Amino acid sequence: MATDWLGSIVSINCGESLGVYQGRVSAVDQVSQTISLTRPFHNGVKCLVPEVTFRAGDITELKILEIPGPGDSRQCGDLQQTEMGIPGVGCQVGPSQNGTGKVLKKPISSSAPQNIPRRTDTKNQDIVLSPQQQCSKSYMDRHVETLTQSKGFRRRHNSWSSSSRHPNQATPKKSGLKNGQMKSKDDECFGDDIDEIPDTDFDFEGNLALFDKAAVFEEIETYERKSGTRSRGTPNEKPARYRHDENILESEPIVYRRIVVPQNANKEFCTDSGLVVPSVSYELHKKLLSVAEKHGLTLERRLEMTGVCASQMALSLLGGPNRLNPKNVHQRPTVALLCGPHVKGAQGISCGRHLSNHDVHVILFLPNFVKMLESITNELNLFSKTQGQQVSSVKDLPDTPVDLVINCLDCHENAFLRDQPWYKAVVDWANQNRAPVLSIDPPINEMEQGIDAKWSLALGLPLPLGERAGRVYLCDIGIPQKVFQEVGINYHSPFGCKFVIPLHST
């Protein structure tokens, strides 16, 4: 019976030390328990010897890849290249004196790609190889693997039959329950005929409709509430996310309206954090400054505070640290400061002094008057000690656009100044110059503003400014909280850690 397998193409696994051999069976000796392969391949590389011989004790697994059919005239010829599943190192096998293959390890860089030969029908053929019973892992105890190329599947078929075994041979031992389970799983996965695969597509949408997600999530929530585990939440719920500057521990609810004025505000603003800042009338604002001056917040202190806050805002508008640093001495910014002969003009002069101290080129315009206010005289004396330039004629103002124009020409009370020739000339120059405009404490009436501003800076509390005032900012001039309460304003500071904050129209 052993001669029936001559000419078959087999794959012999000799373990990790010897590797895997493939070839055509040329001889099977039942007495010495040896098998010989002609034109062998070792780990996908053709051996240099024409034939190798293996003992039964060296064989771990034997797979029959191709069985010659009846009438096949091919003898032990060349072995077609087969696919190797176990990588290893190449070697040369040379025959020894006793006919047993001797292995010499030799590193091989890579294995050549192998082609799987077409199988023949082995359903009605039995494999009869009778090794001795003493061999615990005989190559006769292994299953036959058949390969299919039509659909790309690898199917295994166990062709061992108890009737075809040698009469003196006992039933081979199983390799263990684990291997038996793996074989059964292979049969379940690959045992069906490929012709029985249905042609219709799977209805994913119909099967998905059978799944009630709401009921499943409700069941999960009920279980987690009973077991005390952390709730995962429903799909519609999203976990709360906080910014880096938000406090996640809130001891009491947030009150956004912390400033209440005695009369209804004509206009309300809000800060970046959402606090409501109502506007006040000019009469109430004037009364607030008068009460603050009575309590010690003199005009000089208010001018200094206004100048510092306005200069800080102007420095930010000019570029801040990106513009004002020692590496940009060639890009020194230029600011045109337009001031009138009143307290608003004195605030602008104070701002110009601080800007000049920060290496900003300041050009101060102030018309010539026979008699000036004391506050203006004091501020001019300090400004003259800086590198700033003072002019009194429009002709001395720059012809080219400057970086910023600070407008302090308008006043809440002296409306007759707008009819003066110098005022009209300065307004025309500012409108023709393409530089952005910052107005400090602009008047309420838009008709009184001759220059459209991009930004406006309000003091203490904002006035109901119109659209021509641009974006409104609010600065802290140091008015105590009890001074607000004395004029009937319930006040809580909206500035936080800053002295100048932006306001948004509600």
# chains A, B, ... in the order shown; residues from 1 in each chain; ligands from 1

$ residues_around --residues "stretch 395-411 of chain A" --least-positions-apart "6" --cutoff "10 Å" --atoms "only C-alpha atoms" --output "MDAnalysis selection string"
chainID A and resid 310 314:315 317:318 332:349 351:352 361:366 417:418 423 425:427 429:430 432:444 448:453 455:456

$ select_by_dssp --residues "stretch 310-484 of chain A" --states "strand (DSSP E)" --output "VMD selection string"
chain A and resid 334 to 339 361 to 365 389 to 391 404 to 408 437 to 440 455 to 459 471 to 475

$ closest_residue --among "A:Asn207, A:Leu65, A:Phe54, A:Ala458" --to "A:Ser32" --atoms "only C-alpha atoms"
A:Phe54

$ closest_residue --among "A:Asn328, A:Thr298, A:Asn490, A:Ser505" --to "A:Ser375" --atoms "only C-alpha atoms"
A:Thr298

$ closest_residue --among "A:Asp359, A:Leu324, A:Glu252, A:Glu300" --to "A:Ile376" --atoms "only C-alpha atoms"
A:Glu300

$ atom_distance --atom1 "atom CA of A:Asn13" --atom2 "atom CA of A:Lys63"
8.4 Å

$ residues_around --residues "stretch 307-309 of chain A" --least-positions-apart "2" --cutoff "8 Å" --atoms "only C-alpha atoms" --output "PDB file with N, CA and C atoms, in the first residue's frame"
ATOM      1  N   LEU A 303      -6.825 112.717  35.933  1.00  0.00           N
ATOM      2  CA  LEU A 303      -6.103 112.889  34.677  1.00  0.00           C
ATOM      3  C   LEU A 303      -4.976 111.869  34.534  1.00  0.00           C
ATOM      4  N   GLU A 304      -4.270 111.626  35.635  1.00  0.00           N
ATOM      5  CA  GLU A 304      -3.168 110.663  35.587  1.00  0.00           C
ATOM      6  C   GLU A 304      -3.684 109.257  35.317  1.00  0.00           C
ATOM      7  N   MET A 305      -4.783 108.899  35.996  1.00  0.00           N
ATOM      8  CA  MET A 305      -5.336 107.564  35.797  1.00  0.00           C
ATOM      9  C   MET A 305      -5.866 107.396  34.372  1.00  0.00           C
ATOM     10  N   SER A 311      -3.106 105.303  27.484  1.00  0.00           N
ATOM     11  CA  SER A 311      -1.827 104.945  26.868  1.00  0.00           C
ATOM     12  C   SER A 311      -1.671 103.424  26.774  1.00  0.00           C
ATOM     13  N   GLN A 312      -2.140 102.685  27.781  1.00  0.00           N
ATOM     14  CA  GLN A 312      -2.083 101.222  27.702  1.00  0.00           C
ATOM     15  C   GLN A 312      -2.907 100.703  26.524  1.00  0.00           C
ATOM     16  N   MET A 313      -4.091 101.257  26.351  1.00  0.00           N
ATOM     17  CA  MET A 313      -4.915 100.828  25.224  1.00  0.00           C
ATOM     18  C   MET A 313      -4.261 101.209  23.899  1.00  0.00           C
ATOM     19  N   GLN A 347      -6.610 115.420  29.437  1.00  0.00           N
ATOM     20  CA  GLN A 347      -6.510 113.961  29.493  1.00  0.00           C
ATOM     21  C   GLN A 347      -5.679 113.427  28.332  1.00  0.00           C
ATOM     22  N   GLY A 348      -5.864 114.018  27.140  1.00  0.00           N
ATOM     23  CA  GLY A 348      -5.075 113.589  25.996  1.00  0.00           C
ATOM     24  C   GLY A 348      -3.604 113.908  26.149  1.00  0.00           C
ATOM     25  N   ILE A 349      -3.285 115.059  26.736  1.00  0.00           N
ATOM     26  CA  ILE A 349      -1.873 115.417  26.935  1.00  0.00           C
ATOM     27  C   ILE A 349      -1.217 114.442  27.913  1.00  0.00           C
ATOM     28  N   SER A 350      -1.947 114.044  28.947  1.00  0.00           N
ATOM     29  CA  SER A 350      -1.416 113.053  29.893  1.00  0.00           C
ATOM     30  C   SER A 350      -1.151 111.720  29.189  1.00  0.00           C
ATOM     31  N   CYS A 351      -2.056 111.340  28.315  1.00  0.00           N
ATOM     32  CA  CYS A 351      -1.849 110.099  27.543  1.00  0.00           C
ATOM     33  C   CYS A 351      -0.629 110.221  26.639  1.00  0.00           C
ATOM     34  N   GLY A 352      -0.452 111.380  25.987  1.00  0.00           N
ATOM     35  CA  GLY A 352       0.704 111.578  25.118  1.00  0.00           C
ATOM     36  C   GLY A 352       2.017 111.513  25.879  1.00  0.00           C
ATOM     37  N   HIS A 354       2.714 109.653  28.543  1.00  0.00           N
ATOM     38  CA  HIS A 354       3.029 108.239  28.818  1.00  0.00           C
ATOM     39  C   HIS A 354       3.435 107.512  27.538  1.00  0.00           C
ATOM     40  N   CYS A 475     -12.574 102.089  31.023  1.00  0.00           N
ATOM     41  CA  CYS A 475     -11.376 102.101  31.863  1.00  0.00           C
ATOM     42  C   CYS A 475     -11.742 102.445  33.302  1.00  0.00           C
ATOM     43  N   ASP A 476     -10.956 101.914  34.209  1.00  0.00           N
ATOM     44  CA  ASP A 476     -11.158 102.140  35.642  1.00  0.00           C
ATOM     45  C   ASP A 476     -10.313 103.333  36.059  1.00  0.00           C
ATOM     46  N   PHE A 499      -7.596  96.832  33.849  1.00  0.00           N
ATOM     47  CA  PHE A 499      -8.016  98.220  34.019  1.00  0.00           C
ATOM     48  C   PHE A 499      -8.764  98.741  32.801  1.00  0.00           C
ATOM     49  N   VAL A 500      -8.643  98.078  31.667  1.00  0.00           N
ATOM     50  CA  VAL A 500      -9.354  98.437  30.444  1.00  0.00           C
ATOM     51  C   VAL A 500     -10.002  97.163  29.904  1.00  0.00           C
TER      52      VAL A 500
END

$ closest_atom_pairs --of "stretch 375-481 of chain A" --to "stretch 264-272 of chain A" --cutoff "10 Å" --atoms "only C-alpha atoms" --output "tab-separated table"
residue	atom	partner	partner_atom	distance
A:Pro462	CA	A:Phe269	CA	8.6
A:Leu463	CA	A:Lys267	CA	8.3
A:Pro464	CA	A:Lys267	CA	5.6
A:Leu465	CA	A:Lys267	CA	8.3
A:Gly466	CA	A:Lys267	CA	9.6
A:Val472	CA	A:Phe269	CA	9.1
A:Tyr473	CA	A:Thr271	CA	9.6
A:Leu474	CA	A:Thr271	CA	9.6
